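Student: This structure is in structure tokens; I'll ask about it shortly.
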Amino acid sequence: MSCFFAALQFLTLFPWPRRADRSAVELGPAAIFFPVIGFLLGLILVLVNMLLEPFASPALSSVALVAVLALLTRGLHLDGVGDTFDGLGAGGERERMLNIMDDSHTGAFGVIAIVLLLFFKIHAIGSIGDERWRALLAAPILGRWAMVLLGYGSQAAKPGLGSTLIDHLETKHVVFATFITLILVAAILHGTGIAMMAWVAIFTLASKIYFHRRLGGVTGDTFGAVGELSETSVMVFLALGSR
């Protein structure tokens with residue numbers, strides 16, 4: 001249970017139960033529960049959607065759902081999107097890009113990336129009909145699973161929370177996380193879920209190769225970026241498939 005709560009604290013705004021002596025070593029086994037945390041986030045979104053459905057239009061409720069998801073994750077992953085695109089957009093030497101990513105201010109590239117990502121999420125959710133609940137459940141699961149895949153076998157571009165996860169992530173943790181993800185998305189999306197898993201795996205692998213070439217590894221910001229981009233792309237593909 002300590003590893004579950006470590007994953008909960010790592011990925012969401014929920015701070016309990018507080019433990020001053022929580023070890024960084026727990027972050028590796030905590031990766032097993034990343035898809036479970038995604039599933040719990042999805043359940044909250046489904047509940048909010050059910051409460052809003054009688055009163056709000058699909059467009060308005062989709063804005064509210066994206067806002068709730070950003071709140072539940074403290075906007076941390078969105079911040080990773082902004083920092084990652086600021087650094088990569090600026091270009092130059094590796095150290096320069098990493099320094100820009102460390103800057104607390106968000107530049108033009110980061111703002112554009114965040115705004116476009118939010119628009120894609122809002123319009124994707126809004127365009128899905130009665131099967132919206134499936135996307136709301138599956139996308140957060142696959143987004144958190146992508147973070148596990150990104151960390152496995154990666155090099156840390158700099159010290160930080162991302163490097164702590166990488167250092168303690170073992171093969172068995174990835175296998176368990178993948179098995180849990182497979183069970184959940186297959187139950188929610190059936191065959192489409194397997195296709196979405198394959199897409200996320202390919203996208204994450206390509207991102208890992210790219211980040212290692214450009215940055216010399218991955219960072220906490222790139223974890224957030226890959227998670228958000230994976231989550232959003234799944235929503236978009238499911239929206240396209242629903243038409």
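Just so we're on the same page: first chain in the structure tokens is A, next is B, and so on; residues restart at 1 for each chain, and ligands are numbered from 1 in the order they show up.
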When you look at Ile194 (chain A) with a cut-off of 12 Å (counting only C-alpha atoms), what residues show up, excluding the ones that are within fewer than 2 positions of it in the same chain? I need them as a list in words.

Tutor: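 With the cut-off at 12 Å, the set is Ala138, Leu142, Thr178, Phe179, Thr181, Leu182, Ile183, Leu184, Val185, Ala186, Ala187, Ile188, Leu189, His190, Gly191, Thr192, Met196, Met197, Ala198, Trp199, Val200, Ala201 and Val234 of chain A.
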
Student: Give me, as an mmCIF file with N, CA, C and O atoms, in the first residue's frame, all polymer residues having an atom no more than 10 Å from region 126-128 of chain A, counting only C-alpha atoms and skipping those fewer than 6 positions away in the same chain.

Tutor:
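What follows is the written file out-v9.cif:
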data_model
loop_
_atom_site.group_PDB
_atom_site.id
_atom_site.type_symbol
_atom_site.label_atom_id
_atom_site.label_comp_id
_atom_site.auth_asym_id
_atom_site.auth_seq_id
_atom_site.Cartn_x
_atom_site.Cartn_y
_atom_site.Cartn_z
ATOM 1 N N SER A 57 -24.042 21.259 -22.125
ATOM 2 C CA SER A 57 -23.854 20.778 -23.484
ATOM 3 C C SER A 57 -22.577 19.943 -23.543
ATOM 4 O O SER A 57 -21.715 20.050 -22.664
ATOM 5 N N PRO A 58 -22.428 19.116 -24.586
ATOM 6 C CA PRO A 58 -21.194 18.330 -24.706
ATOM 7 C C PRO A 58 -19.940 19.203 -24.720
ATOM 8 O O PRO A 58 -18.915 18.831 -24.132
ATOM 9 N N ALA A 59 -20.015 20.361 -25.379
ATOM 10 C CA ALA A 59 -18.846 21.244 -25.447
ATOM 11 C C ALA A 59 -18.489 21.791 -24.074
ATOM 12 O O ALA A 59 -17.318 21.800 -23.675
ATOM 13 N N LEU A 60 -19.507 22.246 -23.347
ATOM 14 C CA LEU A 60 -19.260 22.823 -22.022
ATOM 15 C C LEU A 60 -18.761 21.762 -21.046
ATOM 16 O O LEU A 60 -17.820 22.008 -20.268
ATOM 17 N N SER A 61 -19.350 20.593 -21.089
ATOM 18 C CA SER A 61 -18.920 19.534 -20.166
ATOM 19 C C SER A 61 -17.507 19.062 -20.485
ATOM 20 O O SER A 61 -16.745 18.716 -19.579
ATOM 21 N N SER A 62 -17.118 19.081 -21.761
ATOM 22 C CA SER A 62 -15.762 18.666 -22.114
ATOM 23 C C SER A 62 -14.728 19.650 -21.575
ATOM 24 O O SER A 62 -13.653 19.245 -21.125
ATOM 25 N N VAL A 63 -15.061 20.937 -21.582
ATOM 26 C CA VAL A 63 -14.166 21.930 -20.979
ATOM 27 C C VAL A 63 -14.032 21.674 -19.482
ATOM 28 O O VAL A 63 -12.926 21.695 -18.928
ATOM 29 N N LEU A 65 -14.463 18.844 -17.903
ATOM 30 C CA LEU A 65 -13.735 17.590 -17.664
ATOM 31 C C LEU A 65 -12.226 17.784 -17.796
ATOM 32 O O LEU A 65 -11.451 17.264 -16.991
ATOM 33 N N PHE A 120 -7.170 20.168 -28.337
ATOM 34 C CA PHE A 120 -7.364 18.824 -28.858
ATOM 35 C C PHE A 120 -8.151 17.967 -27.868
ATOM 36 O O PHE A 120 -9.054 17.208 -28.254
ATOM 37 N N ARG A 134 -15.838 5.573 -22.135
ATOM 38 C CA ARG A 134 -14.719 4.685 -22.441
ATOM 39 C C ARG A 134 -13.424 5.480 -22.627
ATOM 40 O O ARG A 134 -12.361 5.095 -22.128
ATOM 41 N N ALA A 135 -13.524 6.600 -23.336
ATOM 42 C CA ALA A 135 -12.341 7.443 -23.552
ATOM 43 C C ALA A 135 -11.873 8.068 -22.249
ATOM 44 O O ALA A 135 -10.662 8.167 -22.001
ATOM 45 N N MET A 235 -7.398 10.093 -26.867
ATOM 46 C CA MET A 235 -8.707 10.755 -26.956
ATOM 47 C C MET A 235 -9.049 11.123 -28.396
ATOM 48 O O MET A 235 -10.184 10.944 -28.864
ATOM 49 N N VAL A 236 -8.049 11.662 -29.114
ATOM 50 C CA VAL A 236 -8.259 12.079 -30.496
ATOM 51 C C VAL A 236 -8.587 10.875 -31.378
ATOM 52 O O VAL A 236 -9.537 10.908 -32.186
ATOM 53 N N LEU A 238 -9.842 7.983 -30.508
ATOM 54 C CA LEU A 238 -11.167 7.450 -30.159
ATOM 55 C C LEU A 238 -12.267 8.355 -30.682
ATOM 56 O O LEU A 238 -13.333 7.881 -31.091
ATOM 57 N N ALA A 239 -12.019 9.666 -30.696
ATOM 58 C CA ALA A 239 -13.001 10.594 -31.266
ATOM 59 C C ALA A 239 -13.144 10.375 -32.759
ATOM 60 O O ALA A 239 -14.266 10.365 -33.302
ATOM 61 N N LEU A 240 -12.029 10.189 -33.448
ATOM 62 C CA LEU A 240 -12.072 9.936 -34.882
ATOM 63 C C LEU A 240 -12.786 8.608 -35.181
ATOM 64 O O LEU A 240 -13.534 8.496 -36.150
ATOM 65 N N GLY A 241 -12.549 7.625 -34.333
ATOM 66 C CA GLY A 241 -13.189 6.323 -34.540
ATOM 67 C C GLY A 241 -14.676 6.319 -34.254
ATOM 68 O O GLY A 241 -15.384 5.418 -34.699
ATOM 69 N N SER A 242 -15.133 7.305 -33.499
ATOM 70 C CA SER A 242 -16.557 7.348 -33.143
ATOM 71 C C SER A 242 -17.413 8.004 -34.216
ATOM 72 O O SER A 242 -18.637 7.979 -34.145
ATOM 73 N N ARG A 243 -16.768 8.604 -35.212
ATOM 74 C CA ARG A 243 -17.516 9.327 -36.255
ATOM 75 C C ARG A 243 -17.975 8.369 -37.364
ATOM 76 O O ARG A 243 -17.328 7.385 -37.634
#

Student: Which residues come within 8 Å of region 84-88 of chain A, counting only C-alpha atoms, excluding same-chain residues fewer than 2 positions away, as a list in words?

Tutor: Gly80, Val81, Gly82, Ala90, Gly91, Arg96, Met97, Leu98, Asn99, Ile100, Met101, Thr106, Gly107, Ala108, Phe109, Gly110, Ala113, Asp221, Thr222 and Ala225 of chain A

Student: Run DSSP on the backbone of this structure and report the residues of region 93-193 of chain A it assigns to helix (DSSP H, G or I), as a VMD selection string.

Tutor: chain A and resid 94 to 102 108 to 127 132 to 151 161 to 167 171 to 189 191 to 193

Student: Could you name the residues that touch Thr12 (chain A) at 7 Å or less, counting only C-alpha atoms, but leaving out those on the same chain fewer than 3 positions away, as a list of chain:residue names?

Tutor: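 These residues fall inside the cut-off: A:Leu8, A:Gln9, A:Leu72, A:Thr73, A:Arg74.
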
Student: What is the distance between CA of Gly224 (chain A) and CA of Val174 (chain A), in Å to one decimal?

Tutor: 17.6 Å

Student: Quick one: pull the distance between CA of Arg144 (chain A) and CA of Glu231 (chain A), Å, one decimal.

Tutor: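 Taking CA of Arg144 (chain A) and CA of Glu231 (chain A), their separation equals 8.1 Å.
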
Student: Give the answer as one residue: which of A:Leu76, A:Ala67, A:Leu137, A:Ile166 has the shortest atom-to-atom distance to Val36 (chain A), using only C-alpha atoms?

Tutor: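 Closest residue, counting only C-alpha atoms: A:Leu137.
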
Student: Between CA of Gly92 (chain A) and CA of Arg214 (chain A), what distance in Å does the model show, to one decimal?

Tutor: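 Between CA of Gly92 (chain A) and CA of Arg214 (chain A) the gap is 9.5 Å.
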
Student: Measuring between only C-alpha atoms, which one of A:Tyr152, A:Phe4, A:Phe119, A:Phe34 shows the shortest distance to Thr232 (chain A)?

Tutor: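 When distances to Thr232 (chain A) are compared using only C-alpha atoms, the smallest one comes from A:Phe119.
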
Student: I'd like the contact shell of Leu27 (chain A) - 10 Å cut-off, only C-alpha atoms, skipping same-chain residues fewer than 2 positions apart - returned as a ChimeraX atom specification.

Tutor: /A:2-7,10,22-25,29-32,161-162,164-169
